[in-house]
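S.K.: Dropping the structure in here first, questions after.
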Amino acid sequence: MLGEEKIALTLKINGVPHHLNIEPRVTLLDALREYLGLTGTKKGCDRGECGACTVLIDGKRINACMTLAVMQMGKSIITIEGLAEENGELHPMQTAFIEHDAFQCGYCTPGQIVSAVGLLAEAQPKSDREIREGMSGNLCRCGAYHHIVAAVREVVEKTENAAI
């Protein structure tokens with residue numbers, strides 16, 4: 001077995017279609033990083049335990065290391081690179097992470113930010129406890145959790161105030 005036959009597929013990533021010719025066993029994470037050069041999505045544990053590879057698929061959070069690229073054809077994939085506006089203005093969650101120093105080494109930060117954006121799309125957490133619970137699939141080895149919760153809380157509060 002010298003390698004599997006490659007298949008042609010198109011993935012819509014950050015609003016842009018990308019045409020690939022890859023083996024069917026390639027994970028979405030490897031397609032993003034190795035084939036498309038979108039290295040903001042990090043490879044942490046490669047087993048779905050750390051959340052460093054979190055992306056949004058049709059608005060839902062998913063660990064890119066746990067799904068095959070071929071399974072995501074026809075879906076909208078958003079990575080950390082796709083959160084900022086076209087004019088370069090950062091997403092409010094990215095800004096809040098910077099303002100609250102919600103990172104240390106920064107390795108988990110893209111997955112944390114994408115997960116937080118997904119969390120707010122799913123539900124508006126009402127407390128720090130709900131934020132922690134909603135973000136529990138994303139690990140930070142540096143222990144910046146207090147700052148991460150503060151950043152998410154700020155965006156929640158701004159969203160609530162904007163809706164009034």
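Quick note on naming: the chains in the structure tokens go A, B, ... in the order shown, residues restart at 1 in each chain, and ligands are numbered from 1 in order of appearance.
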List every residue of range 4-60 of chain A that has an atom at most 9 Å from any atom of range 66-82 of chain A, giving for each one its closest atom pair and the distance in Å to one decimal, counting only C-alpha atoms, sorted by chain and then by ascending residue number, as JSON lines.
M.R.:
{"residue": "A:Ile7", "atom": "CA", "partner": "A:Val70", "partner_atom": "CA", "distance": 8.7}
{"residue": "A:Leu9", "atom": "CA", "partner": "A:Val70", "partner_atom": "CA", "distance": 6.9}
{"residue": "A:Thr10", "atom": "CA", "partner": "A:Met73", "partner_atom": "CA", "distance": 6.1}
{"residue": "A:Leu11", "atom": "CA", "partner": "A:Met73", "partner_atom": "CA", "distance": 5.4}
{"residue": "A:Lys12", "atom": "CA", "partner": "A:Ser76", "partner_atom": "CA", "distance": 5.5}
{"residue": "A:Ile13", "atom": "CA", "partner": "A:Ile77", "partner_atom": "CA", "distance": 4.7}
{"residue": "A:Asn14", "atom": "CA", "partner": "A:Gly82", "partner_atom": "CA", "distance": 4.7}
{"residue": "A:Gly15", "atom": "CA", "partner": "A:Ser76", "partner_atom": "CA", "distance": 7.2}
{"residue": "A:Ile22", "atom": "CA", "partner": "A:Val70", "partner_atom": "CA", "distance": 8.9}
{"residue": "A:Glu23", "atom": "CA", "partner": "A:Val70", "partner_atom": "CA", "distance": 8.9}
{"residue": "A:Pro24", "atom": "CA", "partner": "A:Val70", "partner_atom": "CA", "distance": 6.3}
{"residue": "A:Arg25", "atom": "CA", "partner": "A:Leu68", "partner_atom": "CA", "distance": 6.3}
{"residue": "A:Val26", "atom": "CA", "partner": "A:Leu68", "partner_atom": "CA", "distance": 5.8}
{"residue": "A:Thr27", "atom": "CA", "partner": "A:Leu68", "partner_atom": "CA", "distance": 4.1}
{"residue": "A:Leu28", "atom": "CA", "partner": "A:Ala69", "partner_atom": "CA", "distance": 4.1}
{"residue": "A:Leu29", "atom": "CA", "partner": "A:Ala69", "partner_atom": "CA", "distance": 7.8}
{"residue": "A:Asp30", "atom": "CA", "partner": "A:Ala69", "partner_atom": "CA", "distance": 8.3}
{"residue": "A:Ala31", "atom": "CA", "partner": "A:Ala69", "partner_atom": "CA", "distance": 6.5}
{"residue": "A:Leu32", "atom": "CA", "partner": "A:Ala69", "partner_atom": "CA", "distance": 8.7}
{"residue": "A:Leu38", "atom": "CA", "partner": "A:Glu81", "partner_atom": "CA", "distance": 7.5}
{"residue": "A:Thr39", "atom": "CA", "partner": "A:Glu81", "partner_atom": "CA", "distance": 8.8}
{"residue": "A:Gly40", "atom": "CA", "partner": "A:Ile80", "partner_atom": "CA", "distance": 6.1}
{"residue": "A:Thr41", "atom": "CA", "partner": "A:Thr79", "partner_atom": "CA", "distance": 6.7}
{"residue": "A:Asp46", "atom": "CA", "partner": "A:Met66", "partner_atom": "CA", "distance": 7.8}
{"residue": "A:Arg47", "atom": "CA", "partner": "A:Met66", "partner_atom": "CA", "distance": 6.9}
{"residue": "A:Gly48", "atom": "CA", "partner": "A:Met66", "partner_atom": "CA", "distance": 5.9}
{"residue": "A:Thr54", "atom": "CA", "partner": "A:Thr79", "partner_atom": "CA", "distance": 7.9}
{"residue": "A:Val55", "atom": "CA", "partner": "A:Thr79", "partner_atom": "CA", "distance": 5.1}
{"residue": "A:Leu56", "atom": "CA", "partner": "A:Ile78", "partner_atom": "CA", "distance": 5.0}
{"residue": "A:Ile57", "atom": "CA", "partner": "A:Ile77", "partner_atom": "CA", "distance": 4.7}
{"residue": "A:Asp58", "atom": "CA", "partner": "A:Ser76", "partner_atom": "CA", "distance": 5.0}
{"residue": "A:Gly59", "atom": "CA", "partner": "A:Ser76", "partner_atom": "CA", "distance": 7.8}
S.K.: Name the residues of chain A that come out as strand (DSSP E) in a backbone DSSP run; write them as a list in words.
M.R.: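 So, restricting chain A to strand (DSSP E), we get Ile7, Ala8, Leu9, Thr10, Leu11, Lys12, Ile13, Val16, Pro17, His18, His19, Leu20, Asn21, Ile22, Thr54, Val55, Leu56, Ile57, Lys60, Arg61, Ile62, Asn63, Ser76, Ile77 and Ile78 of chain A.
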S.K.: Filtering to N, CA, C and O atoms, could you give me those residues as a short mmCIF file (atom, residue, chain, number, x, y, z; two decimals), in the first residue's frame?
M.R.:
data_model
loop_
_atom_site.label_atom_id
_atom_site.label_comp_id
_atom_site.auth_asym_id
_atom_site.auth_seq_id
_atom_site.Cartn_x
_atom_site.Cartn_y
_atom_site.Cartn_z
N ILE A 7 -8.43 12.45 -3.79
CA ILE A 7 -9.73 12.90 -4.25
C ILE A 7 -9.72 14.42 -4.37
O ILE A 7 -8.98 15.10 -3.65
N ALA A 8 -10.51 14.92 -5.27
CA ALA A 8 -10.65 16.37 -5.43
C ALA A 8 -11.81 16.83 -4.56
O ALA A 8 -12.87 16.22 -4.56
N LEU A 9 -11.58 17.90 -3.82
CA LEU A 9 -12.65 18.46 -3.01
C LEU A 9 -12.48 19.96 -2.90
O LEU A 9 -11.39 20.49 -3.10
N THR A 10 -13.58 20.61 -2.57
CA THR A 10 -13.57 22.06 -2.37
C THR A 10 -14.06 22.35 -0.96
O THR A 10 -15.12 21.84 -0.56
N LEU A 11 -13.28 23.12 -0.22
CA LEU A 11 -13.66 23.52 1.13
C LEU A 11 -13.84 25.03 1.14
O LEU A 11 -13.00 25.77 0.61
N LYS A 12 -14.94 25.49 1.73
CA LYS A 12 -15.20 26.93 1.86
C LYS A 12 -14.67 27.36 3.22
O LYS A 12 -15.27 27.08 4.26
N ILE A 13 -13.52 28.04 3.19
CA ILE A 13 -12.84 28.43 4.43
C ILE A 13 -12.76 29.95 4.48
O ILE A 13 -12.24 30.58 3.56
N VAL A 16 -13.94 31.74 1.42
CA VAL A 16 -13.23 31.56 0.15
C VAL A 16 -13.18 30.06 -0.18
O VAL A 16 -12.76 29.25 0.66
N PRO A 17 -13.57 29.67 -1.39
CA PRO A 17 -13.45 28.26 -1.78
C PRO A 17 -11.99 27.89 -2.05
O PRO A 17 -11.27 28.64 -2.70
N HIS A 18 -11.60 26.75 -1.52
CA HIS A 18 -10.25 26.23 -1.73
C HIS A 18 -10.37 24.84 -2.36
O HIS A 18 -11.05 23.97 -1.80
N HIS A 19 -9.70 24.64 -3.48
CA HIS A 19 -9.74 23.36 -4.18
C HIS A 19 -8.51 22.55 -3.79
O HIS A 19 -7.38 23.05 -3.89
N LEU A 20 -8.75 21.34 -3.35
CA LEU A 20 -7.66 20.47 -2.91
C LEU A 20 -7.72 19.13 -3.62
O LEU A 20 -8.80 18.69 -4.03
N ASN A 21 -6.60 18.49 -3.69
CA ASN A 21 -6.49 17.13 -4.20
C ASN A 21 -5.72 16.36 -3.13
O ASN A 21 -4.49 16.42 -3.09
N ILE A 22 -6.46 15.68 -2.25
CA ILE A 22 -5.84 15.05 -1.07
C ILE A 22 -6.37 13.64 -0.85
O ILE A 22 -7.40 13.26 -1.40
N THR A 54 -9.62 24.23 17.51
CA THR A 54 -11.04 24.57 17.38
C THR A 54 -11.28 25.50 16.19
O THR A 54 -10.60 26.51 16.03
N VAL A 55 -12.24 25.11 15.36
CA VAL A 55 -12.73 25.93 14.26
C VAL A 55 -14.25 25.93 14.33
O VAL A 55 -14.85 25.17 15.10
N LEU A 56 -14.87 26.79 13.55
CA LEU A 56 -16.33 26.80 13.46
C LEU A 56 -16.75 26.18 12.14
O LEU A 56 -16.23 26.54 11.09
N ILE A 57 -17.64 25.21 12.22
CA ILE A 57 -18.21 24.58 11.03
C ILE A 57 -19.70 24.89 11.05
O ILE A 57 -20.40 24.47 11.96
N LYS A 60 -20.80 26.09 14.40
CA LYS A 60 -20.63 25.21 15.57
C LYS A 60 -19.16 24.92 15.80
O LYS A 60 -18.40 24.71 14.85
N ARG A 61 -18.78 24.84 17.07
CA ARG A 61 -17.39 24.54 17.42
C ARG A 61 -17.08 23.07 17.16
O ARG A 61 -17.89 22.20 17.47
N ILE A 62 -15.89 22.84 16.60
CA ILE A 62 -15.45 21.46 16.36
C ILE A 62 -13.92 21.42 16.42
O ILE A 62 -13.26 22.39 16.06
N ASN A 63 -13.40 20.31 16.88
CA ASN A 63 -11.95 20.10 16.89
C ASN A 63 -11.56 19.60 15.50
O ASN A 63 -11.97 18.52 15.08
N SER A 76 -19.54 25.73 5.77
CA SER A 76 -18.77 26.96 5.98
C SER A 76 -17.81 26.75 7.15
O SER A 76 -18.24 26.45 8.27
N ILE A 77 -16.52 26.89 6.89
CA ILE A 77 -15.49 26.70 7.90
C ILE A 77 -14.88 28.06 8.23
O ILE A 77 -14.46 28.79 7.32
N ILE A 78 -14.84 28.40 9.50
CA ILE A 78 -14.22 29.64 9.95
C ILE A 78 -13.05 29.29 10.86
O ILE A 78 -13.21 28.56 11.83
#
S.K.: What gap, in Å, lies between CA of Arg129 in chain A and CA of Arg153 in chain A?
M.R.: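 Value for the CA of Arg129 in chain A-CA of Arg153 in chain A distance: 10.6 Å.
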S.K.: Counting only C-alpha atoms, which of A:Ile131, A:Ala64, A:Leu139, A:Ile148 gets nearest to Thr95 in chain A?
M.R.: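 Ranked by minimum distance to Thr95 in chain A, first place goes to A:Ile148.
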S.K.: Leaving out range 84-93 of chain A and any residue of its chain fewer than 4 positions from it, which residues lie within 9 Å of it when counting only C-alpha atoms, given as a ChimeraX atom specification?
M.R.: /A:80,97-98,113-114,116-117,151-152,154-155
S.K.: Output all heavy atoms for every residue in the selection just made, as a PDB file, in the first residue's frame.
M.R.:
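Result file follows (selection.pdb):
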ATOM      1  N   ILE A  80      -9.369  31.020  12.873  1.00  0.00           N
ATOM      2  CA  ILE A  80      -8.959  32.261  13.535  1.00  0.00           C
ATOM      3  C   ILE A  80      -8.636  33.340  12.494  1.00  0.00           C
ATOM      4  O   ILE A  80      -8.931  34.512  12.711  1.00  0.00           O
ATOM      5  CB  ILE A  80      -7.764  32.023  14.499  1.00  0.00           C
ATOM      6  CG1 ILE A  80      -7.469  33.260  15.344  1.00  0.00           C
ATOM      7  CG2 ILE A  80      -6.524  31.569  13.748  1.00  0.00           C
ATOM      8  CD1 ILE A  80      -8.516  33.584  16.381  1.00  0.00           C
ATOM      9  N   PHE A  97      -9.381  39.647  24.157  1.00  0.00           N
ATOM     10  CA  PHE A  97      -8.273  38.797  24.599  1.00  0.00           C
ATOM     11  C   PHE A  97      -7.005  39.628  24.758  1.00  0.00           C
ATOM     12  O   PHE A  97      -6.242  39.441  25.704  1.00  0.00           O
ATOM     13  CB  PHE A  97      -8.049  37.643  23.619  1.00  0.00           C
ATOM     14  CG  PHE A  97      -8.739  36.369  24.017  1.00  0.00           C
ATOM     15  CD1 PHE A  97     -10.123  36.292  24.065  1.00  0.00           C
ATOM     16  CD2 PHE A  97      -8.008  35.240  24.350  1.00  0.00           C
ATOM     17  CE1 PHE A  97     -10.769  35.125  24.423  1.00  0.00           C
ATOM     18  CE2 PHE A  97      -8.641  34.059  24.719  1.00  0.00           C
ATOM     19  CZ  PHE A  97     -10.030  33.998  24.755  1.00  0.00           C
ATOM     20  N   ILE A  98      -6.783  40.559  23.837  1.00  0.00           N
ATOM     21  CA  ILE A  98      -5.607  41.430  23.939  1.00  0.00           C
ATOM     22  C   ILE A  98      -5.731  42.340  25.153  1.00  0.00           C
ATOM     23  O   ILE A  98      -4.802  42.461  25.956  1.00  0.00           O
ATOM     24  CB  ILE A  98      -5.425  42.247  22.645  1.00  0.00           C
ATOM     25  CG1 ILE A  98      -5.052  41.311  21.492  1.00  0.00           C
ATOM     26  CG2 ILE A  98      -4.374  43.337  22.829  1.00  0.00           C
ATOM     27  CD1 ILE A  98      -5.150  41.952  20.115  1.00  0.00           C
ATOM     28  N   ILE A 113     -10.092  31.631  21.329  1.00  0.00           N
ATOM     29  CA  ILE A 113     -10.876  32.718  20.750  1.00  0.00           C
ATOM     30  C   ILE A 113     -11.996  32.166  19.870  1.00  0.00           C
ATOM     31  O   ILE A 113     -13.149  32.579  19.982  1.00  0.00           O
ATOM     32  CB  ILE A 113      -9.972  33.693  19.958  1.00  0.00           C
ATOM     33  CG1 ILE A 113      -9.057  34.461  20.928  1.00  0.00           C
ATOM     34  CG2 ILE A 113     -10.812  34.649  19.116  1.00  0.00           C
ATOM     35  CD1 ILE A 113      -7.987  35.301  20.249  1.00  0.00           C
ATOM     36  N   VAL A 114     -11.679  31.238  18.993  1.00  0.00           N
ATOM     37  CA  VAL A 114     -12.699  30.659  18.119  1.00  0.00           C
ATOM     38  C   VAL A 114     -13.761  29.954  18.961  1.00  0.00           C
ATOM     39  O   VAL A 114     -14.962  30.081  18.693  1.00  0.00           O
ATOM     40  CB  VAL A 114     -12.068  29.704  17.083  1.00  0.00           C
ATOM     41  CG1 VAL A 114     -13.138  28.940  16.315  1.00  0.00           C
ATOM     42  CG2 VAL A 114     -11.178  30.475  16.119  1.00  0.00           C
ATOM     43  N   ALA A 116     -14.635  30.685  22.032  1.00  0.00           N
ATOM     44  CA  ALA A 116     -15.427  31.717  22.712  1.00  0.00           C
ATOM     45  C   ALA A 116     -16.448  32.335  21.758  1.00  0.00           C
ATOM     46  O   ALA A 116     -17.596  32.577  22.143  1.00  0.00           O
ATOM     47  CB  ALA A 116     -14.510  32.793  23.285  1.00  0.00           C
ATOM     48  N   VAL A 117     -16.059  32.568  20.516  1.00  0.00           N
ATOM     49  CA  VAL A 117     -16.990  33.095  19.516  1.00  0.00           C
ATOM     50  C   VAL A 117     -18.125  32.090  19.304  1.00  0.00           C
ATOM     51  O   VAL A 117     -19.303  32.458  19.249  1.00  0.00           O
ATOM     52  CB  VAL A 117     -16.264  33.415  18.192  1.00  0.00           C
ATOM     53  CG1 VAL A 117     -17.251  33.711  17.065  1.00  0.00           C
ATOM     54  CG2 VAL A 117     -15.309  34.586  18.388  1.00  0.00           C
ATOM     55  N   ALA A 151     -12.134  38.156  29.463  1.00  0.00           N
ATOM     56  CA  ALA A 151     -12.278  38.598  28.075  1.00  0.00           C
ATOM     57  C   ALA A 151     -13.633  38.182  27.510  1.00  0.00           C
ATOM     58  O   ALA A 151     -14.333  38.984  26.885  1.00  0.00           O
ATOM     59  CB  ALA A 151     -11.147  38.024  27.222  1.00  0.00           C
ATOM     60  N   VAL A 152     -14.011  36.937  27.748  1.00  0.00           N
ATOM     61  CA  VAL A 152     -15.306  36.453  27.257  1.00  0.00           C
ATOM     62  C   VAL A 152     -16.436  37.228  27.928  1.00  0.00           C
ATOM     63  O   VAL A 152     -17.391  37.649  27.266  1.00  0.00           O
ATOM     64  CB  VAL A 152     -15.448  34.934  27.479  1.00  0.00           C
ATOM     65  CG1 VAL A 152     -16.839  34.447  27.081  1.00  0.00           C
ATOM     66  CG2 VAL A 152     -14.366  34.162  26.712  1.00  0.00           C
ATOM     67  N   GLU A 154     -16.423  40.259  29.044  1.00  0.00           N
ATOM     68  CA  GLU A 154     -16.507  41.599  28.469  1.00  0.00           C
ATOM     69  C   GLU A 154     -17.319  41.595  27.174  1.00  0.00           C
ATOM     70  O   GLU A 154     -18.174  42.452  26.958  1.00  0.00           O
ATOM     71  CB  GLU A 154     -15.123  42.170  28.194  1.00  0.00           C
ATOM     72  CG  GLU A 154     -15.189  43.537  27.523  1.00  0.00           C
ATOM     73  CD  GLU A 154     -13.820  44.086  27.178  1.00  0.00           C
ATOM     74  OE1 GLU A 154     -12.969  44.168  28.090  1.00  0.00           O
ATOM     75  OE2 GLU A 154     -13.621  44.432  26.002  1.00  0.00           O
ATOM     76  N   VAL A 155     -17.057  40.623  26.311  1.00  0.00           N
ATOM     77  CA  VAL A 155     -17.790  40.557  25.034  1.00  0.00           C
ATOM     78  C   VAL A 155     -19.251  40.218  25.285  1.00  0.00           C
ATOM     79  O   VAL A 155     -20.135  40.784  24.632  1.00  0.00           O
ATOM     80  CB  VAL A 155     -17.119  39.562  24.067  1.00  0.00           C
ATOM     81  CG1 VAL A 155     -17.916  39.422  22.782  1.00  0.00           C
ATOM     82  CG2 VAL A 155     -15.694  40.001  23.751  1.00  0.00           C
TER      83      VAL A 155
END
